[in-house]
$ cat coords.pdb   # PDB, C-alpha atoms, pLDDT in the B column
MODEL        1
ATOM      1  CA  MET V   5     107.248-132.195  27.375  1.00 75.00           C
ATOM      2  CA  ASN V   6     107.186-130.472  23.994  1.00 80.00           C
ATOM      3  CA  ASN V   7     110.989-130.686  23.795  1.00 94.00           C
ATOM      4  CA  ILE V   8     111.158-134.499  24.002  1.00 97.00           C
ATOM      5  CA  LYS V   9     112.733-135.987  20.877  1.00 98.00           C
ATOM      6  CA  SER V  10     113.947-139.406  22.077  1.00 98.00           C
ATOM      7  CA  ILE V  11     112.249-142.083  24.195  1.00 98.00           C
ATOM      8  CA  ILE V  12     114.165-144.954  25.808  1.00 98.00           C
ATOM      9  CA  PHE V  13     112.115-147.974  26.853  1.00 98.00           C
ATOM     10  CA  ASP V  14     113.074-150.742  29.198  1.00 98.00           C
ATOM     11  CA  PHE V  15     111.836-154.009  27.707  1.00 98.00           C
ATOM     12  CA  ASP V  16     110.790-156.639  30.274  1.00 97.00           C
ATOM     13  CA  GLY V  17     107.973-155.313  32.433  1.00 96.00           C
ATOM     14  CA  THR V  18     107.580-152.219  30.278  1.00 98.00           C
ATOM     15  CA  LEU V  19     106.762-153.506  26.791  1.00 98.00           C
ATOM     16  CA  HIS V  20     106.979-157.253  27.388  1.00 98.00           C
ATOM     17  CA  ASP V  21     104.786-159.210  29.838  1.00 97.00           C
ATOM     18  CA  THR V  22     107.770-161.410  30.604  1.00 96.00           C
ATOM     19  CA  MET V  23     106.167-163.495  33.327  1.00 96.00           C
ATOM     20  CA  GLU V  24     104.336-165.533  30.680  1.00 95.00           C
ATOM     21  CA  ILE V  25     107.629-167.060  29.549  1.00 97.00           C
ATOM     22  CA  TYR V  26     109.804-166.517  32.627  1.00 96.00           C
ATOM     23  CA  TYR V  27     107.623-168.436  35.069  1.00 96.00           C
ATOM     24  CA  PRO V  28     107.619-171.809  33.236  1.00 96.00           C
ATOM     25  CA  ALA V  29     111.278-171.401  32.203  1.00 96.00           C
ATOM     26  CA  PHE V  30     112.467-170.470  35.687  1.00 96.00           C
ATOM     27  CA  LYS V  31     110.525-173.381  37.150  1.00 96.00           C
ATOM     28  CA  LYS V  32     112.564-175.749  34.960  1.00 96.00           C
ATOM     29  CA  GLY V  33     115.727-174.005  36.109  1.00 96.00           C
ATOM     30  CA  ILE V  34     114.857-174.501  39.776  1.00 95.00           C
ATOM     31  CA  ASN V  35     114.074-178.164  39.154  1.00 96.00           C
ATOM     32  CA  HIS V  36     117.512-178.485  37.577  1.00 96.00           C
ATOM     33  CA  LEU V  37     119.132-176.946  40.672  1.00 96.00           C
ATOM     34  CA  LYS V  38     117.126-179.189  43.000  1.00 95.00           C
ATOM     35  CA  LYS V  39     118.385-182.276  41.169  1.00 96.00           C
ATOM     36  CA  HIS V  40     121.840-181.167  42.289  1.00 95.00           C
ATOM     37  CA  GLY V  41     120.732-180.554  45.879  1.00 95.00           C
ATOM     38  CA  ILE V  42     120.569-176.764  45.464  1.00 95.00           C
ATOM     39  CA  ALA V  43     117.653-174.437  46.336  1.00 93.00           C
ATOM     40  CA  GLU V  44     115.642-177.410  47.594  1.00 92.00           C
ATOM     41  CA  GLU V  45     113.388-175.225  49.769  1.00 91.00           C
ATOM     42  CA  TYR V  46     112.803-172.549  47.158  1.00 93.00           C
ATOM     43  CA  GLU V  47     109.168-172.196  46.096  1.00 92.00           C
ATOM     44  CA  VAL V  48     108.566-171.008  42.546  1.00 92.00           C
ATOM     45  CA  THR V  49     105.679-168.534  42.602  1.00 95.00           C
ATOM     46  CA  ARG V  50     105.046-165.579  40.367  1.00 93.00           C
ATOM     47  CA  GLU V  51     105.446-163.245  43.324  1.00 92.00           C
ATOM     48  CA  ASN V  52     108.751-164.799  44.401  1.00 92.00           C
ATOM     49  CA  ILE V  53     110.377-164.605  40.997  1.00 93.00           C
ATOM     50  CA  SER V  54     108.985-161.219  39.930  1.00 92.00           C
ATOM     51  CA  THR V  55     111.800-159.488  41.841  1.00 90.00           C
ATOM     52  CA  PHE V  56     114.341-161.080  39.485  1.00 94.00           C
ATOM     53  CA  LEU V  57     112.803-159.549  36.373  1.00 93.00           C
ATOM     54  CA  GLY V  58     114.655-156.457  35.284  1.00 90.00           C
ATOM     55  CA  GLU V  59     117.882-157.626  36.937  1.00 92.00           C
ATOM     56  CA  LYS V  60     120.872-158.991  35.029  1.00 89.00           C
ATOM     57  CA  PRO V  61     120.462-162.737  34.251  1.00 90.00           C
ATOM     58  CA  SER V  62     122.922-163.973  36.898  1.00 92.00           C
ATOM     59  CA  TYR V  63     121.234-162.092  39.750  1.00 93.00           C
ATOM     60  CA  ALA V  64     118.670-164.776  40.638  1.00 94.00           C
ATOM     61  CA  TYR V  65     121.177-167.623  40.743  1.00 93.00           C
ATOM     62  CA  ASP V  66     123.753-165.687  42.734  1.00 92.00           C
ATOM     63  CA  LEU V  67     120.998-165.115  45.284  1.00 93.00           C
ATOM     64  CA  ILE V  68     119.131-168.413  45.587  1.00 93.00           C
ATOM     65  CA  ALA V  69     121.994-170.712  44.577  1.00 92.00           C
ATOM     66  CA  LYS V  70     124.881-168.775  46.085  1.00 89.00           C
ATOM     67  CA  ASP V  71     126.588-171.933  47.359  1.00 88.00           C
ATOM     68  CA  ALA V  72     126.364-173.727  44.006  1.00 93.00           C
ATOM     69  CA  PRO V  73     129.416-174.074  41.756  1.00 94.00           C
ATOM     70  CA  ASP V  74     129.678-171.293  39.187  1.00 94.00           C
ATOM     71  CA  GLU V  75     129.440-173.910  36.426  1.00 95.00           C
ATOM     72  CA  LEU V  76     126.055-175.090  37.711  1.00 96.00           C
ATOM     73  CA  LYS V  77     124.723-171.552  38.054  1.00 95.00           C
ATOM     74  CA  LEU V  78     125.794-170.717  34.519  1.00 94.00           C
ATOM     75  CA  GLU V  79     124.341-173.977  33.202  1.00 95.00           C
ATOM     76  CA  THR V  80     121.019-173.177  34.874  1.00 96.00           C
ATOM     77  CA  GLN V  81     121.045-169.620  33.588  1.00 94.00           C
ATOM     78  CA  LYS V  82     121.576-170.868  30.026  1.00 94.00           C
ATOM     79  CA  LEU V  83     118.813-173.463  30.447  1.00 96.00           C
ATOM     80  CA  VAL V  84     116.323-170.829  31.568  1.00 96.00           C
ATOM     81  CA  GLY V  85     117.356-168.511  28.744  1.00 93.00           C
ATOM     82  CA  PHE V  86     116.904-171.262  26.170  1.00 95.00           C
ATOM     83  CA  GLU V  87     113.463-172.125  27.548  1.00 96.00           C
ATOM     84  CA  MET V  88     112.387-168.470  27.510  1.00 95.00           C
ATOM     85  CA  GLU V  89     113.363-168.148  23.869  1.00 94.00           C
ATOM     86  CA  LYS V  90     111.480-171.359  23.065  1.00 95.00           C
ATOM     87  CA  TYR V  91     108.344-170.071  24.782  1.00 96.00           C
ATOM     88  CA  MET V  92     108.589-166.814  22.852  1.00 95.00           C
ATOM     89  CA  GLU V  93     108.747-168.653  19.561  1.00 93.00           C
ATOM     90  CA  ASP V  94     105.859-171.031  20.285  1.00 95.00           C
ATOM     91  CA  GLY V  95     103.446-168.176  21.006  1.00 94.00           C
ATOM     92  CA  THR V  96     103.427-168.366  24.806  1.00 95.00           C
ATOM     93  CA  GLY V  97     105.083-164.956  25.119  1.00 95.00           C
ATOM     94  CA  ARG V  98     103.284-161.680  24.646  1.00 97.00           C
ATOM     95  CA  LEU V  99     103.672-157.937  24.757  1.00 98.00           C
ATOM     96  CA  TYR V 100     101.391-155.888  26.970  1.00 98.00           C
ATOM     97  CA  PRO V 101      98.045-155.025  25.339  1.00 97.00           C
ATOM     98  CA  ASN V 102      98.203-152.200  22.771  1.00 98.00           C
ATOM     99  CA  THR V 103     102.013-152.033  22.838  1.00 98.00           C
ATOM    100  CA  VAL V 104     102.368-152.302  19.057  1.00 98.00           C
ATOM    101  CA  GLU V 105      99.750-149.625  18.459  1.00 98.00           C
ATOM    102  CA  VAL V 106     101.474-147.262  20.896  1.00 98.00           C
ATOM    103  CA  LEU V 107     104.907-147.825  19.354  1.00 98.00           C
ATOM    104  CA  ASP V 108     103.493-147.278  15.879  1.00 98.00           C
ATOM    105  CA  LYS V 109     102.139-143.878  16.910  1.00 98.00           C
ATOM    106  CA  LEU V 110     105.212-142.794  18.866  1.00 98.00           C
ATOM    107  CA  CYS V 111     107.771-143.715  16.202  1.00 98.00           C
ATOM    108  CA  LYS V 112     106.206-141.222  13.814  1.00 97.00           C
ATOM    109  CA  LYS V 113     107.097-138.350  16.153  1.00 97.00           C
ATOM    110  CA  TYR V 114     110.001-139.554  18.309  1.00 98.00           C
ATOM    111  CA  ASP V 115     113.207-141.546  18.057  1.00 98.00           C
ATOM    112  CA  LEU V 116     112.622-144.765  20.002  1.00 98.00           C
ATOM    113  CA  TYR V 117     115.260-146.873  21.765  1.00 98.00           C
ATOM    114  CA  ILE V 118     115.423-149.854  24.118  1.00 98.00           C
ATOM    115  CA  LEU V 119     117.805-150.272  27.055  1.00 98.00           C
ATOM    116  CA  SER V 120     117.432-153.651  28.754  1.00 97.00           C
ATOM    117  CA  ASN V 121     119.371-155.640  31.350  1.00 95.00           C
ATOM    118  CA  ALA V 122     118.977-158.625  29.028  1.00 94.00           C
ATOM    119  CA  ARG V 123     121.318-160.774  26.955  1.00 93.00           C
ATOM    120  CA  ASP V 124     121.954-159.685  23.378  1.00 95.00           C
ATOM    121  CA  ILE V 125     120.504-162.826  21.786  1.00 94.00           C
ATOM    122  CA  TYR V 126     117.372-162.672  23.957  1.00 95.00           C
ATOM    123  CA  LEU V 127     116.601-159.062  23.099  1.00 96.00           C
ATOM    124  CA  ASP V 128     117.332-159.562  19.395  1.00 96.00           C
ATOM    125  CA  LYS V 129     115.083-162.607  19.256  1.00 95.00           C
ATOM    126  CA  ALA V 130     112.266-160.873  21.134  1.00 97.00           C
ATOM    127  CA  LEU V 131     112.228-157.921  18.762  1.00 97.00           C
ATOM    128  CA  LYS V 132     112.035-160.276  15.786  1.00 97.00           C
ATOM    129  CA  VAL V 133     109.437-162.655  17.279  1.00 96.00           C
ATOM    130  CA  TYR V 134     107.128-159.799  18.285  1.00 97.00           C
ATOM    131  CA  LYS V 135     107.832-157.952  15.014  1.00 97.00           C
ATOM    132  CA  ILE V 136     108.658-154.627  16.683  1.00 98.00           C
ATOM    133  CA  GLU V 137     112.268-154.238  15.555  1.00 97.00           C
ATOM    134  CA  LYS V 138     111.242-151.657  12.937  1.00 98.00           C
ATOM    135  CA  TYR V 139     110.027-149.176  15.550  1.00 98.00           C
ATOM    136  CA  PHE V 140     113.411-148.661  17.227  1.00 98.00           C
ATOM    137  CA  ARG V 141     116.482-146.813  16.060  1.00 98.00           C
ATOM    138  CA  ARG V 142     118.560-149.055  18.281  1.00 98.00           C
ATOM    139  CA  ALA V 143     118.133-151.623  21.067  1.00 98.00           C
ATOM    140  CA  TYR V 144     120.827-151.824  23.733  1.00 98.00           C
ATOM    141  CA  ALA V 145     121.297-154.978  25.826  1.00 97.00           C
ATOM    142  CA  ALA V 146     123.328-154.739  29.018  1.00 96.00           C
ATOM    143  CA  GLU V 147     125.351-157.784  28.015  1.00 96.00           C
ATOM    144  CA  SER V 148     127.085-155.630  25.388  1.00 97.00           C
ATOM    145  CA  PHE V 149     128.307-153.419  28.237  1.00 97.00           C
ATOM    146  CA  ASP V 150     129.401-156.290  30.530  1.00 96.00           C
ATOM    147  CA  TYR V 151     126.301-155.700  32.669  1.00 95.00           C
ATOM    148  CA  ILE V 152     127.493-152.430  34.165  1.00 96.00           C
ATOM    149  CA  PRO V 153     124.664-150.524  35.943  1.00 96.00           C
ATOM    150  CA  LYS V 154     122.027-148.932  33.746  1.00 97.00           C
ATOM    151  CA  ASP V 155     122.940-145.402  34.798  1.00 97.00           C
ATOM    152  CA  LYS V 156     126.466-145.973  33.452  1.00 98.00           C
ATOM    153  CA  ILE V 157     125.157-147.449  30.195  1.00 98.00           C
ATOM    154  CA  LEU V 158     122.774-144.531  29.813  1.00 97.00           C
ATOM    155  CA  GLU V 159     125.651-142.124  30.296  1.00 97.00           C
ATOM    156  CA  LYS V 160     127.414-143.763  27.343  1.00 98.00           C
ATOM    157  CA  ILE V 161     124.474-143.866  24.930  1.00 98.00           C
ATOM    158  CA  ILE V 162     122.661-140.576  25.582  1.00 97.00           C
ATOM    159  CA  PRO V 163     125.187-138.511  23.581  1.00 96.00           C
ATOM    160  CA  ASN V 164     124.056-140.453  20.485  1.00 94.00           C
ATOM    161  CA  MET V 165     120.422-139.403  20.948  1.00 98.00           C
ATOM    162  CA  GLU V 166     118.512-136.306  20.009  1.00 96.00           C
ATOM    163  CA  PRO V 167     117.663-134.289  23.150  1.00 97.00           C
ATOM    164  CA  ASP V 168     115.525-134.060  25.133  1.00 97.00           C
ATOM    165  CA  VAL V 169     115.379-137.697  26.250  1.00 98.00           C
ATOM    166  CA  ILE V 170     112.906-139.507  28.523  1.00 98.00           C
ATOM    167  CA  PHE V 171     113.251-143.007  30.026  1.00 98.00           C
ATOM    168  CA  VAL V 172     110.273-145.366  30.459  1.00 98.00           C
ATOM    169  CA  GLY V 173     110.684-148.341  32.813  1.00 98.00           C
ATOM    170  CA  ASP V 174     109.231-150.453  35.620  1.00 98.00           C
ATOM    171  CA  ARG V 175     112.177-150.948  37.988  1.00 97.00           C
ATOM    172  CA  PHE V 176     114.219-148.663  40.232  1.00 96.00           C
ATOM    173  CA  HIS V 177     117.247-149.210  37.944  1.00 94.00           C
ATOM    174  CA  ASP V 178     115.405-147.369  35.191  1.00 98.00           C
ATOM    175  CA  ILE V 179     114.265-144.444  37.302  1.00 98.00           C
ATOM    176  CA  ASN V 180     117.599-144.062  39.074  1.00 97.00           C
ATOM    177  CA  ALA V 181     119.394-144.147  35.723  1.00 98.00           C
ATOM    178  CA  ALA V 182     117.209-141.286  34.514  1.00 98.00           C
ATOM    179  CA  VAL V 183     117.766-139.254  37.689  1.00 98.00           C
ATOM    180  CA  SER V 184     121.536-139.817  37.552  1.00 98.00           C
ATOM    181  CA  ASN V 185     121.631-138.582  33.965  1.00 98.00           C
ATOM    182  CA  ASN V 186     119.318-135.603  34.515  1.00 97.00           C
ATOM    183  CA  ILE V 187     116.554-136.749  32.218  1.00 98.00           C
ATOM    184  CA  LYS V 188     112.848-137.221  32.841  1.00 98.00           C
ATOM    185  CA  SER V 189     111.304-140.623  33.511  1.00 98.00           C
ATOM    186  CA  ILE V 190     108.001-142.482  33.383  1.00 98.00           C
ATOM    187  CA  PHE V 191     107.364-145.353  35.810  1.00 98.00           C
ATOM    188  CA  CYS V 192     105.204-148.279  34.664  1.00 98.00           C
ATOM    189  CA  THR V 193     103.134-149.354  37.658  1.00 98.00           C
ATOM    190  CA  TYR V 194     101.863-152.415  35.759  1.00 97.00           C
ATOM    191  CA  GLY V 195     105.358-153.920  35.520  1.00 96.00           C
ATOM    192  CA  PHE V 196     107.372-155.955  38.008  1.00 95.00           C
ATOM    193  CA  GLY V 197     108.692-153.253  40.318  1.00 95.00           C
ATOM    194  CA  LYS V 198     107.176-152.356  43.666  1.00 94.00           C
ATOM    195  CA  ILE V 199     105.276-149.077  43.660  1.00 96.00           C
ATOM    196  CA  HIS V 200     107.936-147.298  45.749  1.00 97.00           C
ATOM    197  CA  GLU V 201     110.508-147.988  43.019  1.00 97.00           C
ATOM    198  CA  GLY V 202     108.852-145.220  41.020  1.00 98.00           C
ATOM    199  CA  ASP V 203     108.953-142.582  43.746  1.00 98.00           C
ATOM    200  CA  LYS V 204     111.503-140.447  41.893  1.00 98.00           C
ATOM    201  CA  ALA V 205     109.812-140.714  38.504  1.00 98.00           C
ATOM    202  CA  ASN V 206     108.319-137.623  36.899  1.00 98.00           C
ATOM    203  CA  TYR V 207     105.239-139.525  35.744  1.00 98.00           C
ATOM    204  CA  LYS V 208     103.511-142.844  36.412  1.00 98.00           C
ATOM    205  CA  ILE V 209     101.359-144.863  34.050  1.00 98.00           C
ATOM    206  CA  ASP V 210      99.050-147.819  34.719  1.00 98.00           C
ATOM    207  CA  SER V 211      99.077-149.066  31.107  1.00 98.00           C
ATOM    208  CA  ILE V 212     101.368-148.515  28.131  1.00 98.00           C
ATOM    209  CA  GLU V 213      98.789-146.486  26.186  1.00 97.00           C
ATOM    210  CA  GLU V 214      98.724-143.844  28.945  1.00 98.00           C
ATOM    211  CA  ILE V 215     102.086-142.634  27.665  1.00 98.00           C
ATOM    212  CA  LEU V 216     100.199-141.037  24.788  1.00 97.00           C
ATOM    213  CA  LYS V 217      98.485-138.717  27.279  1.00 96.00           C
ATOM    214  CA  ILE V 218     101.840-137.544  28.627  1.00 95.00           C
ATOM    215  CA  LEU V 219     103.815-137.058  25.419  1.00 93.00           C
TER     216      LEU V 219
ENDMDL
END
$ encode --input "coords.pdb" --output "structure tokens"
Amino acid sequence: MNNIKSIIFDFDGTLHDTMEIYYPAFKKGINHLKKHGIAEEYEVTRENISTFLGEKPSYAYDLIAKDAPDELKLETQKLVGFEMEKYMEDGTGRLYPNTVEVLDKLCKKYDLYILSNARDIYLDKALKVYKIEKYFRRAYAAESFDYIPKDKILEKIIPNMEPDVIFVGDRFHDINAAVSNNIKSIFCTYGFGKIHEGDKANYKIDSIEEILKIL
């Protein structure tokens, strides 16, 4: 690991404990759908919605509201996004414990990046609200790439990074992207992915500060 020069982090479920803002926001989104006779049987629990975290924003609504008009799905998606941003700003949101301290140490030795399946405005706002923008050379949101798969985005951005590169994430998208691009990966077991999603990872960590023991 002595050759690592660049670290790419996923954001939600890796640095950001997103459930704190996603759960109340998504609940409002489901209530909005139910008012239109959609997803009436869907039960909003943390376990049920955790599988949507790390996916592109439209994934949840294409799945649980597949018969709804596209306009309603988009309206709901925007509502949930707005509520998430509001919860971030009012102090409901939070990073995982010790995230800032870890980033502060790592940025002194490595080039740090973010690659997230999020919207541009969401990721930009999060970095500003949590005051961590200064630690990253660049943050990439999948929206800027029309939500193509992470492995394809990674293929485009890696040439701009100092090798060797390692990817840190909590979902199978992150680990598969690393494998597809022949770079090492670290799987965050504390995030929102199932444990088997990290089977192909080179390393696994149970808290963000454990990365300091690996690098």
$ residues_around --input "coords.pdb" --residues "stretch 164-173 of chain V" --least-positions-apart "5" --cutoff "9 Å" --atoms "all atoms listed in the file" --output "MDAnalysis selection string"
chainID V and resid 5 7:19 115 178:179 181:182 187:192 195 202
$ resolve_selection --input "coords.pdb" --expression "the PyMOL selection byres ((chain V and resi 54) around 10)" --output "list of chain:residue names"
V:Gly17, V:Thr22, V:Met23, V:Tyr26, V:Tyr27, V:Thr49, V:Arg50, V:Glu51, V:Asn52, V:Ile53, V:Thr55, V:Phe56, V:Leu57, V:Gly58, V:Gly195, V:Phe196, V:Gly197, V:Lys198
$ atom_distance --input "coords.pdb" --atom1 "atom CA of V:Ile25" --atom2 "atom CA of V:Thr96"
6.5 Å
$ axis_aligned_box --input "coords.pdb" --around "stretch 115-132 of chain V" --padding-each-side "4 Å" --output "lines of an AutoDock Vina configuration file"
center_x = 117.0
center_y = -152.2
center_z = 23.6
size_x = 17.9
size_y = 29.3
size_z = 23.6
$ residues_around --input "coords.pdb" --residues "V:Gly33" --least-positions-apart "5" --cutoff "7 Å" --atoms "all atoms listed in the file" --output "NGL selection string"
:V and (80 or 83-84)
$ write_last_selection --input "coords.pdb" --atoms "C-alpha atoms" --output "short mmCIF file (atom, residue, chain, number, x, y, z; two decimals), in the coordinates of the input"
data_model
loop_
_atom_site.label_atom_id
_atom_site.label_comp_id
_atom_site.auth_asym_id
_atom_site.auth_seq_id
_atom_site.Cartn_x
_atom_site.Cartn_y
_atom_site.Cartn_z
CA THR V 80 121.02 -173.18 34.87
CA LEU V 83 118.81 -173.46 30.45
CA VAL V 84 116.32 -170.83 31.57
#
$ atom_distance --input "coords.pdb" --atom1 "atom CA of V:Leu127" --atom2 "atom CA of V:Ile152"
16.9 Å
$ resolve_selection --input "coords.pdb" --expression "the PyMOL selection byres ((chain V and resi 44) around 12)" --output "PyMOL selection string"
chain V and resi 33-43+45-48+68-69+72
$ atom_distance --input "coords.pdb" --atom1 "atom CA of V:Lys154" --atom2 "atom CA of V:His177"
6.4 Å
$ closest_residue --input "coords.pdb" --among "V:Lys60, V:Lys109, V:Lys132, V:Arg123" --to "V:Phe86" --atoms "all atoms listed in the file"
V:Arg123
$ closest_residue --input "coords.pdb" --among "V:Ile162, V:Tyr194, V:Ala143, V:Asp203" --to "V:Phe176" --atoms "all atoms listed in the file"
V:Asp203
